[in-house]
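The data block below is final-v4.cif; it holds mmCIF, C-alpha atoms.
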```cif
data_query
#
loop_
_atom_site.label_atom_id
_atom_site.label_comp_id
_atom_site.auth_asym_id
_atom_site.auth_seq_id
_atom_site.Cartn_x
_atom_site.Cartn_y
_atom_site.Cartn_z
CA MET A 1 32.10 -14.74 51.44
CA SER A 2 30.14 -17.46 53.24
CA PHE A 3 27.54 -19.54 51.45
CA ILE A 4 24.14 -20.87 52.49
CA ILE A 5 24.96 -23.82 50.28
CA GLU A 6 28.65 -24.61 50.13
CA PRO A 7 30.32 -25.17 46.72
CA LYS A 8 30.75 -28.88 47.56
CA GLN A 9 27.02 -29.20 48.06
CA LEU A 10 26.33 -27.44 44.77
CA GLU A 11 28.65 -29.86 43.00
CA TYR A 12 26.77 -32.74 44.61
CA LEU A 13 23.43 -31.39 43.36
CA LYS A 14 24.75 -30.85 39.83
CA GLN A 15 24.97 -34.61 39.29
CA PHE A 16 21.17 -34.74 39.32
CA LEU A 17 20.75 -32.17 36.55
CA LYS A 18 19.78 -34.19 33.50
CA ASN A 19 20.81 -32.05 30.55
CA ASN A 20 21.50 -34.65 27.89
CA ASP A 21 20.95 -32.31 24.94
CA PRO A 22 24.35 -32.22 23.18
CA PHE A 23 23.56 -28.95 21.41
CA LEU A 24 22.69 -27.15 24.66
CA LEU A 25 25.91 -28.51 26.18
CA GLU A 26 27.76 -27.13 23.16
CA LEU A 27 26.17 -23.71 23.73
CA GLU A 28 27.09 -23.82 27.43
CA ASN A 29 30.73 -24.47 26.52
CA TYR A 30 30.69 -21.73 23.88
CA ALA A 31 29.24 -19.23 26.36
CA LYS A 32 31.84 -20.15 28.97
CA LEU A 33 34.77 -19.86 26.54
CA ASN A 34 33.55 -16.55 25.13
CA ARG A 35 32.39 -15.10 28.46
CA ILE A 36 28.81 -14.70 27.30
CA PRO A 37 26.42 -14.68 30.28
CA ILE A 38 23.63 -17.26 30.15
CA ILE A 39 21.26 -18.55 32.80
CA ASP A 40 22.99 -21.12 35.02
CA LYS A 41 21.92 -24.77 35.21
CA PHE A 42 19.86 -24.43 38.39
CA GLY A 43 18.13 -21.33 37.07
CA ALA A 44 17.43 -23.15 33.80
CA GLU A 45 15.79 -26.04 35.65
CA PHE A 46 13.66 -23.55 37.62
CA LEU A 47 12.67 -21.90 34.33
CA LYS A 48 11.63 -25.27 32.88
CA LEU A 49 9.51 -25.97 35.97
CA PHE A 50 7.54 -22.74 35.63
CA LEU A 51 7.06 -23.30 31.90
CA MET A 52 5.66 -26.77 32.58
CA ILE A 53 3.33 -25.42 35.26
CA LYS A 54 2.13 -22.35 33.36
CA LYS A 55 2.09 -23.87 29.84
CA PRO A 56 2.29 -20.40 28.24
CA LYS A 57 1.27 -19.84 24.63
CA LYS A 58 2.75 -16.35 24.22
CA ILE A 59 6.20 -15.69 25.63
CA LEU A 60 8.40 -12.61 25.62
CA GLU A 61 12.13 -12.94 26.27
CA ILE A 62 14.11 -9.77 26.90
CA GLY A 63 17.78 -10.52 26.26
CA THR A 64 18.46 -13.27 23.71
CA ALA A 65 22.28 -13.44 23.85
CA ILE A 66 23.21 -16.56 21.83
CA GLY A 67 19.74 -18.07 22.16
CA TYR A 68 20.47 -20.57 24.93
CA SER A 69 17.50 -19.72 27.14
CA THR A 70 15.30 -19.08 24.09
CA ILE A 71 15.88 -22.65 22.95
CA ILE A 72 15.13 -23.98 26.44
CA ILE A 73 11.84 -22.05 26.41
CA ALA A 74 11.01 -23.37 22.93
CA GLN A 75 11.76 -26.96 23.94
CA ASN A 76 9.54 -26.73 26.99
CA THR A 77 6.45 -25.14 25.45
CA SER A 78 3.80 -26.52 23.10
CA ASN A 79 4.21 -26.58 19.33
CA ASP A 80 1.70 -23.74 18.92
CA ALA A 81 3.49 -21.45 21.39
CA LYS A 82 4.97 -18.21 20.07
CA ILE A 83 8.18 -16.71 21.44
CA ILE A 84 9.26 -13.13 20.79
CA THR A 85 12.85 -12.44 21.88
CA LEU A 86 14.61 -9.06 21.98
CA GLU A 87 18.35 -8.53 21.44
CA LYS A 88 20.48 -5.49 20.66
CA SER A 89 23.96 -7.05 20.27
CA LYS A 90 24.89 -7.15 16.58
CA ASN A 91 27.40 -9.90 17.41
CA ASN A 92 24.90 -12.12 19.23
CA ILE A 93 22.00 -11.79 16.78
CA PRO A 94 23.43 -13.90 13.92
CA LEU A 95 24.70 -16.50 16.40
CA ALA A 96 21.27 -16.78 18.00
CA GLN A 97 19.50 -17.07 14.65
CA GLU A 98 21.88 -19.81 13.55
CA ASN A 99 21.40 -21.64 16.85
CA PHE A 100 17.62 -21.52 16.44
CA LYS A 101 17.96 -23.20 13.05
CA LYS A 102 20.36 -25.85 14.36
CA SER A 103 18.01 -26.69 17.23
CA ASN A 104 14.93 -26.78 14.96
CA THR A 105 13.17 -24.21 17.14
CA ASN A 106 13.27 -21.28 14.69
CA THR A 107 9.64 -21.70 13.55
CA LYS A 108 8.42 -20.79 17.07
CA ILE A 109 10.76 -17.85 17.57
CA GLN A 110 10.65 -14.25 16.32
CA LEU A 111 13.79 -12.25 17.07
CA ILE A 112 13.39 -8.47 17.17
CA GLU A 113 16.65 -6.56 16.77
CA GLY A 114 17.34 -3.40 18.74
CA ASP A 115 17.32 -1.96 22.23
CA ALA A 116 14.61 -3.61 24.33
CA ILE A 117 13.50 -0.26 25.77
CA ASP A 118 12.65 0.91 22.24
CA SER A 119 11.31 -2.44 21.04
CA LEU A 120 8.82 -2.66 23.90
CA ASP A 121 7.20 0.55 22.68
CA ILE A 122 6.27 -1.04 19.34
CA ILE A 123 5.09 -4.43 20.61
CA ALA A 124 1.30 -4.36 20.87
CA GLU A 125 0.87 -7.96 22.02
CA THR A 126 0.42 -9.21 25.57
CA PHE A 127 2.04 -12.30 27.04
CA ASP A 128 1.48 -15.21 29.41
CA PHE A 129 5.15 -15.41 30.38
CA ILE A 130 8.02 -12.89 30.32
CA PHE A 131 11.66 -13.82 30.85
CA LEU A 132 13.91 -10.87 31.69
CA ASP A 133 17.68 -11.28 31.41
CA ALA A 134 19.03 -8.09 29.85
CA ASP A 135 21.46 -5.34 30.90
CA LYS A 136 21.09 -4.98 34.66
CA GLU A 137 21.29 -1.19 34.54
CA ASP A 138 18.13 -1.21 32.39
CA TYR A 139 16.13 -3.67 34.50
CA LEU A 140 13.89 -1.11 36.18
CA THR A 141 12.99 0.72 32.96
CA ILE A 142 12.39 -2.55 31.12
CA PHE A 143 10.26 -3.95 33.94
CA LYS A 144 8.06 -0.84 34.03
CA LYS A 145 7.54 -1.05 30.27
CA SER A 146 6.94 -4.81 30.15
CA ILE A 147 4.70 -5.41 33.17
CA GLY A 148 1.76 -3.83 31.35
CA LYS A 149 2.21 -6.43 28.61
CA LEU A 150 1.83 -9.33 31.04
CA ASN A 151 -1.61 -10.95 31.11
CA LYS A 152 -3.54 -11.51 34.33
CA ASP A 153 -2.08 -14.54 36.17
CA GLY A 154 0.92 -14.30 33.85
CA ILE A 155 4.44 -14.89 35.17
CA ILE A 156 7.52 -12.68 34.90
CA PHE A 157 10.75 -14.62 35.51
CA ILE A 158 13.83 -12.48 36.19
CA ASP A 159 17.45 -13.66 36.41
CA ASN A 160 20.47 -12.29 38.32
CA LEU A 161 18.72 -10.56 41.23
CA LEU A 162 21.53 -11.53 43.64
CA TRP A 163 24.05 -10.29 41.05
CA HIS A 164 26.85 -12.70 42.00
CA GLY A 165 26.17 -11.97 45.67
CA ASN A 166 27.07 -8.30 45.33
CA VAL A 167 23.64 -6.99 46.41
CA ALA A 168 24.32 -8.22 49.96
CA LEU A 169 27.87 -6.86 50.25
CA LYS A 170 28.90 -3.63 51.95
CA ARG A 171 32.04 -3.32 49.85
CA ILE A 172 31.64 -3.65 46.10
CA THR A 173 34.37 -3.40 43.48
CA LYS A 174 34.38 -0.25 41.37
CA LYS A 175 33.65 -2.32 38.26
CA MET A 176 30.49 -3.82 39.77
CA LYS A 177 29.29 -0.87 41.84
CA LYS A 178 26.99 0.84 39.32
CA SER A 179 25.26 -2.32 38.13
CA THR A 180 24.91 -3.60 41.70
CA LEU A 181 23.22 -0.39 42.83
CA ARG A 182 20.83 -0.67 39.88
CA VAL A 183 19.95 -4.28 40.76
CA LYS A 184 19.37 -3.33 44.42
CA GLU A 185 17.14 -0.46 43.30
CA PHE A 186 15.26 -2.85 41.05
CA ASN A 187 14.81 -5.45 43.81
CA GLU A 188 13.27 -2.88 46.13
CA TYR A 189 10.85 -1.74 43.42
CA PHE A 190 10.03 -5.30 42.35
CA MET A 191 9.30 -6.54 45.86
CA SER A 192 7.04 -3.57 46.63
CA ASN A 193 5.18 -3.56 43.31
CA ASN A 194 1.41 -3.81 43.73
CA GLU A 195 0.67 -5.15 40.24
CA ILE A 196 2.26 -8.51 40.96
CA ILE A 197 2.79 -11.09 43.70
CA PRO A 198 6.62 -11.02 43.90
CA ASN A 199 9.33 -13.18 45.43
CA ILE A 200 13.07 -13.66 45.03
CA TYR A 201 14.51 -17.16 45.28
CA THR A 202 18.09 -18.14 46.11
CA ILE A 203 18.38 -20.30 43.01
CA GLY A 204 21.21 -19.77 40.56
CA ASP A 205 22.15 -16.09 40.67
CA GLY A 206 18.85 -15.14 42.28
CA ILE A 207 15.55 -15.63 40.47
CA GLY A 208 12.66 -13.18 40.77
CA ILE A 209 9.15 -14.50 40.16
CA GLY A 210 6.21 -12.16 39.80
CA ILE A 211 2.62 -13.30 39.20
CA LYS A 212 0.36 -10.64 37.67
CA LYS A 213 -2.69 -9.84 39.79
#
```

Write-out of the structure in structure tokens:
Amino acid sequence: MSFIIEPKQLEYLKQFLKNNDPFLLELENYAKLNRIPIIDKFGAEFLKLFLMIKKPKKILEIGTAIGYSTIIIAQNTSNDAKIITLEKSKNNIPLAQENFKKSNTNTKIQLIEGDAIDSLDIIAETFDFIFLDADKEDYLTIFKKSIGKLNKDGIIFIDNLLWHGNVALKRITKKMKKSTLRVKEFNEYFMSNNEIIPNIYTIGDGIGIGIKK
């Protein structure tokens, strides 16, 4: 596979990423060792940028994992911001809750356990900012359920829309085929959706940004 930005250039750019938080570095290492997917460093910096611009007070995260991105959101929003995060993995939930306590962000965060598709049906609140990073095969269903909960001028930030480059390949491994087809289906729906102003950026693993009309 050829790259728009070669790996050497990516390594060069990484030196400018200023993540000096030892606890976040610890979580990055834990995720790598245990093969837990988290937003990559460039995607995380892009997320921080949009949080600083938007300054959201009410945030919904769909897909907590170990709480890495949740903590980043908490650290880059005001003290009176409220974050609701949804997670179904019974293994990840206690890890995330412990990580919130260790990072002193737990007072801003409410974790709702269970499948996001079901949880979205019981959440009555609306949000200024939604971060979607859940099971790729559920992206379309989750997006359709969550977009109505996004306030006017609100931002939805979606990770993994290039899906490790697979969305642009003609030949896809059997293991990745189903999820890749779902992401491609989602991208087509997302980019043609009339409720938002959408775009997909070649940052990290592909970041989708939608601004609610």

Identify, on the basis of all atoms listed in the file, every residue whose closest approach to range 187-199 of chain A does not exceed 10 Å; exclude the query and any residue fewer than 2 positions from it along the same chain; express the result as a list of chain:residue names.
-> A:Tyr139, A:Leu140, A:Phe143, A:Lys144, A:Ile147, A:Gly148, A:Leu150, A:Lys152, A:Asp153, A:Gly154, A:Ile155, A:Ile156, A:Leu161, A:Leu162, A:Val167, A:Leu181, A:Arg182, A:Val183, A:Lys184, A:Glu185, A:Tyr201, A:Ile207, A:Gly208, A:Ile209, A:Gly210, A:Ile211, A:Lys212, A:Lys213

Given the file shown, enumerate the residues that the PyMOL selection byres ((chain A and resi 86) around 6) captures and present them as a list in words.
->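 Selected by the PyMOL selection byres ((chain A and resi 86) around 6) here: Ile62, Gly63, Thr64, Thr85, Glu87, Leu111, Ile112 and Ala116 of chain A.
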
Name the residues captured by the PyMOL selection byres ((chain A and resi 54-58) around 6) when it is applied to the shown file; answer as a list of chain:residue names.
->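 On this input, the PyMOL selection byres ((chain A and resi 54-58) around 6) captures A:Phe50, A:Leu51, A:Met52, A:Ile53, A:Ile59, A:Ala81, A:Lys82, A:Phe127, A:Asp128.
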
Next, the residues of the selection above should be written as a compact mmCIF listing (two decimals), in the coordinates of the input with C-alpha atoms.
```txt
# COMPACT_ATOMS: atom_id res chain seq x y z
CA PHE A 50 7.54 -22.74 35.63
CA LEU A 51 7.06 -23.30 31.90
CA MET A 52 5.66 -26.77 32.58
CA ILE A 53 3.33 -25.42 35.26
CA ILE A 59 6.20 -15.69 25.63
CA ALA A 81 3.49 -21.45 21.39
CA LYS A 82 4.97 -18.21 20.07
CA PHE A 127 2.04 -12.30 27.04
CA ASP A 128 1.48 -15.21 29.41
```

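Interatomic distance, CA of Gly204 in chain A against CA of Asp40 in chain A: 6.0 Å.
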
Which of these residues is nearest to Trp163 in chain A, using all atoms listed in the file: A:Gln110, A:Thr126, A:Asn92, A:Ser179?
->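 Of A:Gln110, A:Thr126, A:Asn92, A:Ser179, the one nearest Trp163 in chain A is A:Ser179, counting all atoms listed in the file.
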
List the residues selected by the PyMOL selection byres ((chain A and resi 133) around 7) in the file shown, writing them as a list in words.
-> Ile62, Gly63, Phe131, Leu132, Ala134, Ile158 and Asp159 of chain A

Store the residues picked out above in a file with C-alpha atoms, as a compact mmCIF listing (two decimals), keeping the file's coordinate frame.
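Listing of out.txt after writing:
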```
# COMPACT_ATOMS: atom_id res chain seq x y z
CA ILE A 62 14.11 -9.77 26.90
CA GLY A 63 17.78 -10.52 26.26
CA PHE A 131 11.66 -13.82 30.85
CA LEU A 132 13.91 -10.87 31.69
CA ALA A 134 19.03 -8.09 29.85
CA ILE A 158 13.83 -12.48 36.19
CA ASP A 159 17.45 -13.66 36.41
```

For Ala65 in chain A, which residue among A:Gln97, A:Ser119, A:Asn79, A:Gln9 is the nearest when counting all atoms listed in the file?
-> A:Gln97

Atomic separation - CA of Pro37 in chain A relative to CA of Lys177 in chain A, Å |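 These atoms are spaced 18.2 Å apart.
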
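Each of A:Ile83, A:Ile172, A:Leu33, A:Leu27 was compared to Glu98 in chain A using all atoms listed in the file, and A:Leu27 turns out to be the nearest.
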
Provide the CA of Ile73 in chain A to CA of Lys48 in chain A distance in Å, to one decimal place.
->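 CA of Lys48 in chain A lies 7.2 Å from CA of Ile73 in chain A.
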
Pick from A:Ile130, A:Ile72, A:Ala44, A:Ile203, whichever lies nearest to Phe23 in chain A using only C-alpha atoms |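 Nearest candidate to Phe23 in chain A out of A:Ile130, A:Ile72, A:Ala44, A:Ile203: A:Ile72.
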
For Ile123 in chain A, the nearest of the candidates A:Asn166, A:Ser146, A:Ser78, A:Asn91, counting only C-alpha atoms | A:Ser146

Nearby residues (all atoms listed in the file) at most 10 Å from His164 in chain A, same-chain spacing under 6 positions excluded, as a CSV table (one decimal) with C-alpha atoms, in the coordinates of the input:
```csv
chain,number,residue,atom,x,y,z
A,176,MET,CA,30.5,-3.8,39.8
A,180,THR,CA,24.9,-3.6,41.7
A,204,GLY,CA,21.2,-19.8,40.6
A,205,ASP,CA,22.2,-16.1,40.7
A,206,GLY,CA,18.8,-15.1,42.3
```

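In this comparison, which uses all atoms listed in the file, the residue of A:Phe16, A:Phe157, A:Ala124, A:Lys149 approaching Leu47 in chain A most closely is A:Phe157.
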
Fix up range 142-178 of chain A with N, CA and C atoms, then write it as a PDB file, in the frame of the given file.
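The resulting rebuild.pdb:
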```pdb
ATOM      1  N   ILE A 142      12.975  -1.452  31.898  1.00  0.00           N
ATOM      2  CA  ILE A 142      12.390  -2.550  31.120  1.00  0.00           C
ATOM      3  C   ILE A 142      11.197  -3.158  31.855  1.00  0.00           C
ATOM      4  N   PHE A 143      11.353  -3.368  33.160  1.00  0.00           N
ATOM      5  CA  PHE A 143      10.260  -3.950  33.940  1.00  0.00           C
ATOM      6  C   PHE A 143       9.016  -3.071  33.869  1.00  0.00           C
ATOM      7  N   LYS A 144       9.188  -1.768  34.057  1.00  0.00           N
ATOM      8  CA  LYS A 144       8.060  -0.840  34.030  1.00  0.00           C
ATOM      9  C   LYS A 144       7.351  -0.857  32.680  1.00  0.00           C
ATOM     10  N   LYS A 145       8.128  -1.022  31.605  1.00  0.00           N
ATOM     11  CA  LYS A 145       7.540  -1.050  30.270  1.00  0.00           C
ATOM     12  C   LYS A 145       6.883  -2.403  29.959  1.00  0.00           C
ATOM     13  N   SER A 146       7.414  -3.472  30.516  1.00  0.00           N
ATOM     14  CA  SER A 146       6.940  -4.810  30.150  1.00  0.00           C
ATOM     15  C   SER A 146       5.808  -5.333  31.025  1.00  0.00           C
ATOM     16  N   ILE A 147       5.693  -4.839  32.268  1.00  0.00           N
ATOM     17  CA  ILE A 147       4.700  -5.410  33.170  1.00  0.00           C
ATOM     18  C   ILE A 147       3.273  -5.175  32.656  1.00  0.00           C
ATOM     19  N   GLY A 148       3.076  -4.079  31.932  1.00  0.00           N
ATOM     20  CA  GLY A 148       1.760  -3.830  31.350  1.00  0.00           C
ATOM     21  C   GLY A 148       1.425  -4.771  30.209  1.00  0.00           C
ATOM     22  N   LYS A 149       2.416  -5.476  29.705  1.00  0.00           N
ATOM     23  CA  LYS A 149       2.210  -6.430  28.610  1.00  0.00           C
ATOM     24  C   LYS A 149       2.039  -7.858  29.112  1.00  0.00           C
ATOM     25  N   LEU A 150       2.013  -8.004  30.447  1.00  0.00           N
ATOM     26  CA  LEU A 150       1.830  -9.330  31.040  1.00  0.00           C
ATOM     27  C   LEU A 150       0.351  -9.535  31.359  1.00  0.00           C
ATOM     28  N   ASN A 151      -0.198 -10.639  30.875  1.00  0.00           N
ATOM     29  CA  ASN A 151      -1.610 -10.950  31.110  1.00  0.00           C
ATOM     30  C   ASN A 151      -1.885 -11.252  32.573  1.00  0.00           C
ATOM     31  N   LYS A 152      -3.134 -11.140  32.970  1.00  0.00           N
ATOM     32  CA  LYS A 152      -3.540 -11.510  34.330  1.00  0.00           C
ATOM     33  C   LYS A 152      -3.152 -12.965  34.597  1.00  0.00           C
ATOM     34  N   ASP A 153      -2.594 -13.219  35.757  1.00  0.00           N
ATOM     35  CA  ASP A 153      -2.080 -14.540  36.170  1.00  0.00           C
ATOM     36  C   ASP A 153      -0.831 -14.938  35.388  1.00  0.00           C
ATOM     37  N   GLY A 154      -0.315 -14.033  34.557  1.00  0.00           N
ATOM     38  CA  GLY A 154       0.920 -14.300  33.850  1.00  0.00           C
ATOM     39  C   GLY A 154       2.116 -14.245  34.794  1.00  0.00           C
ATOM     40  N   ILE A 155       3.229 -14.808  34.343  1.00  0.00           N
ATOM     41  CA  ILE A 155       4.440 -14.890  35.170  1.00  0.00           C
ATOM     42  C   ILE A 155       5.570 -14.104  34.529  1.00  0.00           C
ATOM     43  N   ILE A 156       6.257 -13.287  35.338  1.00  0.00           N
ATOM     44  CA  ILE A 156       7.520 -12.680  34.900  1.00  0.00           C
ATOM     45  C   ILE A 156       8.636 -13.355  35.680  1.00  0.00           C
ATOM     46  N   PHE A 157       9.632 -13.826  34.965  1.00  0.00           N
ATOM     47  CA  PHE A 157      10.750 -14.620  35.510  1.00  0.00           C
ATOM     48  C   PHE A 157      12.017 -13.813  35.247  1.00  0.00           C
ATOM     49  N   ILE A 158      12.716 -13.422  36.318  1.00  0.00           N
ATOM     50  CA  ILE A 158      13.830 -12.480  36.190  1.00  0.00           C
ATOM     51  C   ILE A 158      15.104 -13.091  36.757  1.00  0.00           C
ATOM     52  N   ASP A 159      16.180 -13.066  35.973  1.00  0.00           N
ATOM     53  CA  ASP A 159      17.450 -13.660  36.410  1.00  0.00           C
ATOM     54  C   ASP A 159      18.377 -12.610  37.014  1.00  0.00           C
ATOM     55  N   ASN A 160      19.334 -13.085  37.799  1.00  0.00           N
ATOM     56  CA  ASN A 160      20.470 -12.290  38.320  1.00  0.00           C
ATOM     57  C   ASN A 160      20.105 -11.269  39.393  1.00  0.00           C
ATOM     58  N   LEU A 161      19.116 -11.540  40.229  1.00  0.00           N
ATOM     59  CA  LEU A 161      18.720 -10.560  41.230  1.00  0.00           C
ATOM     60  C   LEU A 161      19.605 -10.589  42.484  1.00  0.00           C
ATOM     61  N   LEU A 162      20.492 -11.569  42.592  1.00  0.00           N
ATOM     62  CA  LEU A 162      21.530 -11.530  43.640  1.00  0.00           C
ATOM     63  C   LEU A 162      22.838 -10.981  43.080  1.00  0.00           C
ATOM     64  N   TRP A 163      22.918 -10.903  41.762  1.00  0.00           N
ATOM     65  CA  TRP A 163      24.050 -10.290  41.050  1.00  0.00           C
ATOM     66  C   TRP A 163      25.398 -10.734  41.616  1.00  0.00           C
ATOM     67  N   HIS A 164      25.601 -12.067  41.545  1.00  0.00           N
ATOM     68  CA  HIS A 164      26.850 -12.700  42.000  1.00  0.00           C
ATOM     69  C   HIS A 164      27.102 -12.447  43.484  1.00  0.00           C
ATOM     70  N   GLY A 165      26.053 -12.212  44.237  1.00  0.00           N
ATOM     71  CA  GLY A 165      26.170 -11.970  45.670  1.00  0.00           C
ATOM     72  C   GLY A 165      26.441 -10.530  46.040  1.00  0.00           C
ATOM     73  N   ASN A 166      26.666  -9.682  45.051  1.00  0.00           N
ATOM     74  CA  ASN A 166      27.070  -8.300  45.330  1.00  0.00           C
ATOM     75  C   ASN A 166      25.995  -7.477  46.027  1.00  0.00           C
ATOM     76  N   VAL A 167      24.714  -7.796  45.810  1.00  0.00           N
ATOM     77  CA  VAL A 167      23.640  -6.990  46.410  1.00  0.00           C
ATOM     78  C   VAL A 167      23.655  -7.046  47.929  1.00  0.00           C
ATOM     79  N   ALA A 168      24.284  -8.073  48.508  1.00  0.00           N
ATOM     80  CA  ALA A 168      24.320  -8.220  49.960  1.00  0.00           C
ATOM     81  C   ALA A 168      25.637  -7.758  50.578  1.00  0.00           C
ATOM     82  N   LEU A 169      26.559  -7.279  49.753  1.00  0.00           N
ATOM     83  CA  LEU A 169      27.870  -6.860  50.250  1.00  0.00           C
ATOM     84  C   LEU A 169      27.908  -5.378  50.593  1.00  0.00           C
ATOM     85  N   LYS A 170      28.700  -5.039  51.602  1.00  0.00           N
ATOM     86  CA  LYS A 170      28.900  -3.630  51.950  1.00  0.00           C
ATOM     87  C   LYS A 170      29.981  -3.012  51.072  1.00  0.00           C
ATOM     88  N   ARG A 171      30.977  -3.809  50.710  1.00  0.00           N
ATOM     89  CA  ARG A 171      32.040  -3.320  49.850  1.00  0.00           C
ATOM     90  C   ARG A 171      31.935  -3.983  48.475  1.00  0.00           C
ATOM     91  N   ILE A 172      31.820  -3.164  47.468  1.00  0.00           N
ATOM     92  CA  ILE A 172      31.640  -3.650  46.100  1.00  0.00           C
ATOM     93  C   ILE A 172      32.761  -3.070  45.243  1.00  0.00           C
ATOM     94  N   THR A 173      33.297  -3.891  44.343  1.00  0.00           N
ATOM     95  CA  THR A 173      34.370  -3.400  43.480  1.00  0.00           C
ATOM     96  C   THR A 173      33.856  -2.266  42.594  1.00  0.00           C
ATOM     97  N   LYS A 174      34.758  -1.394  42.196  1.00  0.00           N
ATOM     98  CA  LYS A 174      34.380  -0.250  41.370  1.00  0.00           C
ATOM     99  C   LYS A 174      33.717  -0.704  40.079  1.00  0.00           C
ATOM    100  N   LYS A 175      34.196  -1.801  39.513  1.00  0.00           N
ATOM    101  CA  LYS A 175      33.650  -2.320  38.260  1.00  0.00           C
ATOM    102  C   LYS A 175      32.189  -2.740  38.397  1.00  0.00           C
ATOM    103  N   MET A 176      31.836  -3.277  39.561  1.00  0.00           N
ATOM    104  CA  MET A 176      30.490  -3.820  39.770  1.00  0.00           C
ATOM    105  C   MET A 176      29.548  -2.864  40.493  1.00  0.00           C
ATOM    106  N   LYS A 177      30.068  -1.734  40.962  1.00  0.00           N
ATOM    107  CA  LYS A 177      29.290  -0.870  41.840  1.00  0.00           C
ATOM    108  C   LYS A 177      28.025  -0.323  41.177  1.00  0.00           C
ATOM    109  N   LYS A 178      28.139   0.223  39.977  1.00  0.00           N
ATOM    110  CA  LYS A 178      26.990   0.840  39.320  1.00  0.00           C
ATOM    111  C   LYS A 178      25.884  -0.169  39.036  1.00  0.00           C
TER     112      LYS A 178
END
```
